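Structure first, then comments.
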Protein chains: 2
Amino acid sequence: MTDIFQALADESRRLLLDRLFEKGGQSLNDLCEGFPMSRQGVAKHLGILEKANLVSVHWQGRSKLHYLNPVPLADIVHRWVGKFEDARIDALTDFKDQIEDKQKPEQEKRHA
Amino acid sequence: MTDIFQALADESRRLLLDRLFEKGGQSLNDLCEGFPMSRQGVAKHLGILEKANLVSVHWQGRSKLHYLNPVPLADIVHRWVGKFEDARIDALTDFKDQIEDKQKPEQEKRHA
DNA sequence: TTGACATGCAACCATTTAGTTGCATAATAG
DNA sequence: CTATTATGCAACTAAATGGTTGCATGTCAA
(Lines give C-alpha, C1' and ligand atoms only; values in the text may rest on other atoms or scores of the structure.)
Protein backbone atom coordinates (compact mmCIF):
# COMPACT_ATOMS: atom_id res chain seq x y z
CA MET A 1 0.00 0.00 0.00
CA THR A 2 2.01 2.94 -1.27
CA ASP A 3 1.25 6.55 -0.59
CA ILE A 4 -1.62 7.96 -2.60
CA PHE A 5 0.01 11.39 -2.79
CA GLN A 6 3.17 9.93 -4.17
CA ALA A 7 1.14 7.89 -6.61
CA LEU A 8 -0.48 11.05 -7.92
CA ALA A 9 2.79 12.96 -8.13
CA ASP A 10 3.69 11.63 -11.55
CA GLU A 11 2.08 13.02 -14.69
CA SER A 12 2.23 9.69 -16.55
CA ARG A 13 0.25 8.06 -13.77
CA ARG A 14 -2.28 10.88 -13.85
CA LEU A 15 -2.68 10.37 -17.58
CA LEU A 16 -3.27 6.68 -16.97
CA LEU A 17 -5.98 7.61 -14.48
CA ASP A 18 -7.44 9.90 -17.13
CA ARG A 19 -7.58 6.99 -19.54
CA LEU A 20 -9.23 4.72 -17.02
CA PHE A 21 -11.62 7.51 -16.16
CA GLU A 22 -12.64 7.68 -19.79
CA LYS A 23 -12.90 3.96 -20.17
CA GLY A 24 -12.62 1.31 -17.49
CA GLY A 25 -11.64 -2.31 -17.95
CA GLN A 26 -8.55 -1.76 -20.07
CA SER A 27 -5.68 -4.22 -20.12
CA LEU A 28 -2.02 -3.32 -19.84
CA ASN A 29 -1.62 -3.56 -23.59
CA ASP A 30 -4.65 -1.36 -24.13
CA LEU A 31 -3.14 1.29 -21.92
CA CYS A 32 0.22 1.03 -23.64
CA GLU A 33 -1.33 2.03 -26.96
CA GLY A 34 -0.08 5.47 -27.91
CA PHE A 35 1.72 5.87 -24.63
CA PRO A 36 5.26 7.20 -25.06
CA MET A 37 6.84 4.57 -22.88
CA SER A 38 7.77 0.91 -22.81
CA ARG A 39 5.26 -1.67 -21.71
CA GLN A 40 7.18 -2.29 -18.52
CA GLY A 41 7.18 1.39 -17.76
CA VAL A 42 3.41 1.46 -17.92
CA ALA A 43 3.19 -1.73 -15.88
CA LYS A 44 5.31 -0.16 -13.18
CA HIS A 45 3.06 2.87 -13.01
CA LEU A 46 -0.05 0.73 -12.88
CA GLY A 47 1.50 -1.25 -10.05
CA ILE A 48 2.03 1.92 -8.06
CA LEU A 49 -1.51 3.08 -8.71
CA GLU A 50 -2.76 -0.31 -7.67
CA LYS A 51 -0.84 -0.30 -4.41
CA ALA A 52 -2.20 3.17 -3.72
CA ASN A 53 -5.70 1.78 -4.21
CA LEU A 54 -6.42 4.21 -7.02
CA VAL A 55 -6.75 1.38 -9.52
CA SER A 56 -8.42 -1.92 -8.90
CA VAL A 57 -7.98 -4.93 -11.16
CA HIS A 58 -9.98 -7.84 -12.38
CA TRP A 59 -8.42 -10.87 -14.03
CA GLN A 60 -10.09 -12.29 -17.07
CA GLY A 61 -8.19 -15.24 -18.50
CA ARG A 62 -4.69 -14.01 -19.19
CA SER A 63 -5.80 -10.39 -19.30
CA LYS A 64 -5.66 -8.10 -16.30
CA LEU A 65 -8.34 -5.45 -16.56
CA HIS A 66 -7.87 -2.12 -14.81
CA TYR A 67 -10.49 0.17 -13.27
CA LEU A 68 -10.24 3.60 -11.75
CA ASN A 69 -11.09 3.84 -8.06
CA PRO A 70 -11.80 7.49 -7.30
CA VAL A 71 -12.76 6.93 -3.68
CA PRO A 72 -9.42 7.67 -2.02
CA LEU A 73 -9.30 11.01 -3.81
CA ALA A 74 -12.04 12.41 -1.65
CA ASP A 75 -9.99 11.70 1.45
CA ILE A 76 -7.22 13.96 0.20
CA VAL A 77 -9.42 17.01 0.30
CA HIS A 78 -10.90 15.88 3.55
CA ARG A 79 -7.56 16.20 5.27
CA TRP A 80 -7.36 19.98 4.96
CA VAL A 81 -10.85 21.20 4.36
CA GLY A 82 -12.61 18.70 6.59
CA LYS A 83 -13.20 20.69 9.72
CA PHE A 84 -13.52 23.73 7.58
CA GLU A 85 -16.79 23.14 5.83
CA ASP A 86 -17.62 19.70 7.03
CA ALA A 87 -21.27 19.70 6.13
CA ARG A 88 -20.55 20.36 2.48
CA ILE A 89 -17.64 17.99 2.18
CA ASP A 90 -19.81 15.27 3.62
CA ALA A 91 -21.90 15.55 0.49
CA LEU A 92 -18.73 14.69 -1.40
CA THR A 93 -17.99 11.52 0.50
CA ASP A 94 -21.58 10.47 0.21
CA PHE A 95 -21.12 8.81 -3.14
CA LYS A 96 -18.50 6.42 -1.77
CA ASP A 97 -21.14 3.73 -1.61
CA GLN A 98 -22.32 4.29 -5.14
CA ILE A 99 -18.81 4.11 -6.47
CA GLU A 100 -17.98 0.94 -4.64
CA ASP A 101 -20.82 -0.80 -6.43
CA LYS A 102 -19.35 0.01 -9.81
CA GLN A 103 -15.95 -1.47 -9.12
CA LYS A 104 -15.73 -4.52 -11.33
CA PRO A 105 -18.45 -4.19 -13.94
CA GLU A 106 -17.90 -2.90 -17.44
CA GLN A 107 -18.24 0.64 -16.20
CA GLU A 108 -19.13 2.33 -19.48
CA LYS A 109 -22.34 3.41 -17.84
CA ARG A 110 -20.25 6.23 -16.41
CA HIS A 111 -20.67 8.34 -19.48
CA ALA A 112 -23.54 6.69 -21.16
CA MET B 1 3.82 27.84 -10.39
CA THR B 2 4.88 24.30 -9.57
CA ASP B 3 2.68 21.26 -9.79
CA ILE B 4 0.20 20.90 -6.96
CA PHE B 5 0.45 17.11 -7.04
CA GLN B 6 4.17 17.21 -6.71
CA ALA B 7 3.85 19.73 -3.91
CA LEU B 8 1.64 17.32 -2.01
CA ALA B 9 3.88 14.34 -2.65
CA ASP B 10 6.16 15.04 0.29
CA GLU B 11 5.12 14.19 3.84
CA SER B 12 7.02 17.12 5.36
CA ARG B 13 5.07 19.50 3.18
CA ARG B 14 1.81 17.82 4.15
CA LEU B 15 2.72 18.27 7.81
CA LEU B 16 3.38 21.93 7.16
CA LEU B 17 -0.08 22.21 5.61
CA ASP B 18 -1.45 20.48 8.71
CA ARG B 19 0.19 23.11 10.87
CA LEU B 20 -1.16 25.95 8.79
CA PHE B 21 -4.54 24.30 8.82
CA GLU B 22 -4.46 24.34 12.61
CA LYS B 23 -3.22 27.87 12.83
CA GLY B 24 -2.76 30.37 10.02
CA GLY B 25 -0.43 33.33 9.96
CA GLN B 26 2.70 31.56 11.13
CA SER B 27 6.16 32.76 10.20
CA LEU B 28 8.98 30.61 8.94
CA ASN B 29 10.52 30.49 12.40
CA ASP B 30 7.19 29.54 13.92
CA LEU B 31 6.90 26.62 11.54
CA CYS B 32 10.47 25.54 12.20
CA GLU B 33 9.70 25.01 15.87
CA GLY B 34 9.80 21.31 16.64
CA PHE B 35 10.30 20.46 13.00
CA PRO B 36 13.08 17.90 12.47
CA MET B 37 14.79 19.86 9.75
CA SER B 38 16.96 22.91 9.20
CA ARG B 39 15.35 26.30 8.72
CA GLN B 40 16.36 26.31 5.06
CA GLY B 41 14.79 22.94 4.59
CA VAL B 42 11.48 24.25 5.82
CA ALA B 43 11.87 27.40 3.73
CA LYS B 44 12.39 25.29 0.64
CA HIS B 45 9.22 23.32 1.32
CA LEU B 46 7.22 26.46 1.96
CA GLY B 47 8.51 27.88 -1.30
CA ILE B 48 7.24 24.85 -3.17
CA LEU B 49 3.86 25.04 -1.46
CA GLU B 50 3.72 28.73 -2.29
CA LYS B 51 4.48 28.17 -5.96
CA ALA B 52 1.80 25.49 -6.01
CA ASN B 53 -0.64 28.05 -4.64
CA LEU B 54 -1.37 25.92 -1.60
CA VAL B 55 0.10 28.52 0.71
CA SER B 56 -0.34 32.26 0.41
CA VAL B 57 1.82 34.76 2.27
CA HIS B 58 1.51 38.16 3.81
CA TRP B 59 4.49 40.28 4.76
CA GLN B 60 4.39 42.06 8.07
CA GLY B 61 7.58 43.99 8.78
CA ARG B 62 10.40 41.50 8.53
CA SER B 63 8.11 38.56 9.10
CA LYS B 64 6.52 36.54 6.32
CA LEU B 65 3.24 35.09 7.50
CA HIS B 66 1.91 31.92 5.88
CA TYR B 67 -1.67 30.86 5.29
CA LEU B 68 -3.16 27.65 3.97
CA ASN B 69 -5.06 27.94 0.73
CA PRO B 70 -7.25 24.85 0.39
CA VAL B 71 -8.93 25.93 -2.82
CA PRO B 72 -6.72 24.08 -5.32
CA LEU B 73 -7.33 20.86 -3.46
CA ALA B 74 -10.89 20.72 -4.67
CA ASP B 75 -9.67 20.76 -8.25
CA ILE B 76 -7.72 17.56 -7.68
CA VAL B 77 -10.84 15.58 -7.00
CA HIS B 78 -12.65 17.38 -9.77
CA ARG B 79 -10.29 15.92 -12.33
CA TRP B 80 -11.44 12.33 -11.87
CA VAL B 81 -14.82 12.50 -10.22
CA GLY B 82 -15.97 15.72 -11.88
CA LYS B 83 -18.20 14.43 -14.63
CA PHE B 84 -19.11 11.63 -12.35
CA GLU B 85 -21.15 13.37 -9.72
CA ASP B 86 -20.86 16.94 -10.78
CA ALA B 87 -23.80 18.32 -8.89
CA ARG B 88 -22.39 17.24 -5.56
CA ILE B 89 -18.84 18.31 -6.23
CA ASP B 90 -20.14 21.73 -7.14
CA ALA B 91 -21.18 22.09 -3.54
CA LEU B 92 -17.54 21.57 -2.65
CA THR B 93 -16.22 24.31 -4.90
CA ASP B 94 -18.91 26.65 -3.67
CA PHE B 95 -16.87 27.92 -0.77
CA LYS B 96 -14.10 29.19 -3.00
CA ASP B 97 -15.44 32.70 -2.55
CA GLN B 98 -15.60 32.42 1.19
CA ILE B 99 -12.03 31.20 1.39
CA GLU B 100 -10.68 33.90 -0.84
CA ASP B 101 -11.99 36.49 1.61
CA LYS B 102 -9.99 34.97 4.44
CA GLN B 103 -6.68 35.09 2.67
CA LYS B 104 -4.75 37.72 4.60
CA PRO B 105 -6.57 38.22 7.93
CA GLU B 106 -5.66 36.55 11.17
CA GLN B 107 -7.71 33.52 10.22
CA GLU B 108 -8.27 32.03 13.70
CA LYS B 109 -11.98 32.43 13.03
CA ARG B 110 -11.60 29.17 11.16
CA HIS B 111 -12.06 27.14 14.31
CA ALA B 112 -13.53 29.69 16.61
C1' DT C 1 25.41 53.22 12.88
C1' DT C 2 25.64 48.92 15.09
C1' DG C 3 23.82 44.51 16.34
C1' DA C 4 20.33 41.11 16.30
C1' DC C 5 16.71 38.90 13.97
C1' DA C 6 14.14 36.93 9.79
C1' DT C 7 14.31 35.49 5.35
C1' DG C 8 16.63 34.46 0.54
C1' DC C 9 19.99 32.40 -2.60
C1' DA C 10 23.35 28.93 -4.16
C1' DA C 11 26.30 25.03 -4.12
C1' DC C 12 26.58 20.54 -2.79
C1' DC C 13 25.49 15.47 -1.50
C1' DA C 14 22.71 11.21 -0.78
C1' DT C 15 18.72 8.99 -1.95
C1' DT C 16 14.73 8.17 -4.63
C1' DT C 17 12.54 7.55 -8.80
C1' DA C 18 11.23 7.16 -13.81
C1' DG C 19 12.47 4.74 -17.44
C1' DT C 20 15.11 1.22 -19.89
C1' DT C 21 16.45 -3.77 -21.37
C1' DG C 22 16.43 -8.74 -20.77
C1' DC C 23 14.52 -12.80 -19.24
C1' DA C 24 10.80 -15.67 -16.82
C1' DT C 25 6.11 -17.26 -16.14
C1' DA C 26 1.27 -18.23 -17.28
C1' DA C 27 -2.70 -18.90 -20.39
C1' DT C 28 -4.95 -19.36 -24.97
C1' DA C 29 -4.91 -21.07 -30.04
C1' DG C 30 -3.64 -24.44 -33.36
C1' DC D 1 3.11 -30.07 -27.55
C1' DT D 2 4.31 -25.72 -29.69
C1' DA D 3 3.36 -20.80 -30.85
C1' DT D 4 1.86 -16.81 -29.39
C1' DT D 5 0.06 -13.51 -26.36
C1' DA D 6 -0.09 -11.07 -21.79
C1' DT D 7 1.93 -10.10 -17.70
C1' DG D 8 5.79 -10.27 -13.89
C1' DC D 9 10.43 -9.75 -11.97
C1' DA D 10 15.17 -7.87 -11.67
C1' DA D 11 19.20 -5.16 -12.71
C1' DC D 12 20.74 -0.97 -14.32
C1' DT D 13 21.12 4.26 -15.62
C1' DA D 14 20.01 9.13 -15.73
C1' DA D 15 17.59 12.60 -13.62
C1' DA D 16 14.93 14.62 -9.93
C1' DT D 17 14.44 15.45 -5.09
C1' DG D 18 15.09 16.25 -0.02
C1' DG D 19 18.17 17.86 2.90
C1' DT D 20 22.47 20.08 4.27
C1' DT D 21 25.88 24.20 5.00
C1' DG D 22 27.53 28.89 4.11
C1' DC D 23 26.82 33.42 2.97
C1' DA D 24 23.90 37.53 1.50
C1' DT D 25 20.09 40.72 2.08
C1' DG D 26 16.78 43.34 4.50
C1' DT D 27 14.30 45.11 8.78
C1' DC D 28 13.70 46.46 13.57
C1' DA D 29 15.67 48.22 18.17
C1' DA D 30 18.99 50.96 20.68
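By convention here, the chains of the C-alpha coordinates are called A, B, ... in the order presented, each chain's residues are numbered starting at 1, and ligands are numbered starting at 1 in the order presented.
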Find the residues of chain B that sit at most 8 Å from chain D; for each, write down the nearest two atoms and how far apart they are in Å, to one decimal. Count only C-alpha atoms (C1' of nucleotides). Sort by chain, then by number going up, and give it as a tab-separated table.
residue	atom	partner	partner_atom	distance
B:Met37	CA	D:DG19	C1'	7.9
B:Ser38	CA	D:DT20	C1'	7.9
B:Gly41	CA	D:DG19	C1'	6.3
B:Gly61	CA	D:DT27	C1'	6.8
B:Arg62	CA	D:DT27	C1'	5.3
Can you write just those residues out, N, CA and C atoms, as an mmCIF file, in the first residue's frame?
data_model
loop_
_atom_site.group_PDB
_atom_site.id
_atom_site.type_symbol
_atom_site.label_atom_id
_atom_site.label_comp_id
_atom_site.auth_asym_id
_atom_site.auth_seq_id
_atom_site.Cartn_x
_atom_site.Cartn_y
_atom_site.Cartn_z
ATOM 1 N N MET B 37 14.198 19.453 11.015
ATOM 2 C CA MET B 37 14.792 19.857 9.750
ATOM 3 C C MET B 37 15.386 21.256 9.939
ATOM 4 N N SER B 38 16.353 21.578 9.100
ATOM 5 C CA SER B 38 16.956 22.908 9.197
ATOM 6 C C SER B 38 15.959 23.970 8.736
ATOM 7 N N GLY B 41 15.608 24.047 5.084
ATOM 8 C CA GLY B 41 14.795 22.943 4.585
ATOM 9 C C GLY B 41 13.321 23.309 4.594
ATOM 10 N N GLY B 61 6.243 43.601 8.329
ATOM 11 C CA GLY B 61 7.576 43.989 8.778
ATOM 12 C C GLY B 61 8.598 43.051 8.198
ATOM 13 N N ARG B 62 9.401 42.443 9.042
ATOM 14 C CA ARG B 62 10.398 41.502 8.533
ATOM 15 C C ARG B 62 9.909 40.072 8.630
#
Chain C contacts on chain B, only C-alpha atoms (C1' of nucleotides), 12 Å, as number ranges by chain | B: 27-30, 39-40, 42-44, 46-47, 59-65
Would you list which chain A residues are within 6 Å of chain B using only C-alpha atoms, as a list of chain:residue names?
-> A:Phe5, A:Gln6, A:Ala9, A:Leu73, A:Val77
Once you have the residues from the selection above, write them out as a PDB file, in the first residue's frame, restricted to N, CA and C atoms.
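Wrote it out as out.pdb, contents follow:
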ATOM      1  N   PHE A   5      -0.520  10.109  -2.308  1.00  0.00           N
ATOM      2  CA  PHE A   5       0.011  11.389  -2.788  1.00  0.00           C
ATOM      3  C   PHE A   5       1.183  11.155  -3.738  1.00  0.00           C
ATOM      4  N   GLN A   6       2.024  10.248  -3.337  1.00  0.00           N
ATOM      5  CA  GLN A   6       3.172   9.935  -4.174  1.00  0.00           C
ATOM      6  C   GLN A   6       2.706   9.311  -5.491  1.00  0.00           C
ATOM      7  N   ALA A   9       1.774  11.944  -7.855  1.00  0.00           N
ATOM      8  CA  ALA A   9       2.788  12.958  -8.125  1.00  0.00           C
ATOM      9  C   ALA A   9       3.324  12.900  -9.551  1.00  0.00           C
ATOM     10  N   LEU A  73      -9.547   9.617  -3.469  1.00  0.00           N
ATOM     11  CA  LEU A  73      -9.296  11.010  -3.808  1.00  0.00           C
ATOM     12  C   LEU A  73     -10.050  11.954  -2.883  1.00  0.00           C
ATOM     13  N   VAL A  77      -8.833  15.722  -0.022  1.00  0.00           N
ATOM     14  CA  VAL A  77      -9.416  17.014   0.301  1.00  0.00           C
ATOM     15  C   VAL A  77      -9.832  17.050   1.763  1.00  0.00           C
TER      16      VAL A  77
END
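Residue-level DSSP output for region 8-66 of chain A, from the backbone, shows strand (DSSP E) at A:Val55, A:Ser56, A:Val57, A:His58, A:Trp59, A:Gln60, A:Ser63, A:Lys64, A:Leu65, A:His66.
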Tell me, in Å to one decimal, how far CA of Arg19 (chain B) is from CA of Cys32 (chain B).
->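 Calculated distance between CA of Arg19 (chain B) and CA of Cys32 (chain B) is 10.7 Å.
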May I ask for the distance between CA of Thr2 (chain A) and CA of Leu15 (chain A), given in Å to one decimal place?
->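 Distance reported for this atom pair: 18.5 Å.
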In Å to one decimal, how far is CA of Ser12 (chain B) from CA of Leu49 (chain B)?
->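 Going from CA of Leu49 (chain B) over to CA of Ser12 (chain B) covers 10.9 Å.
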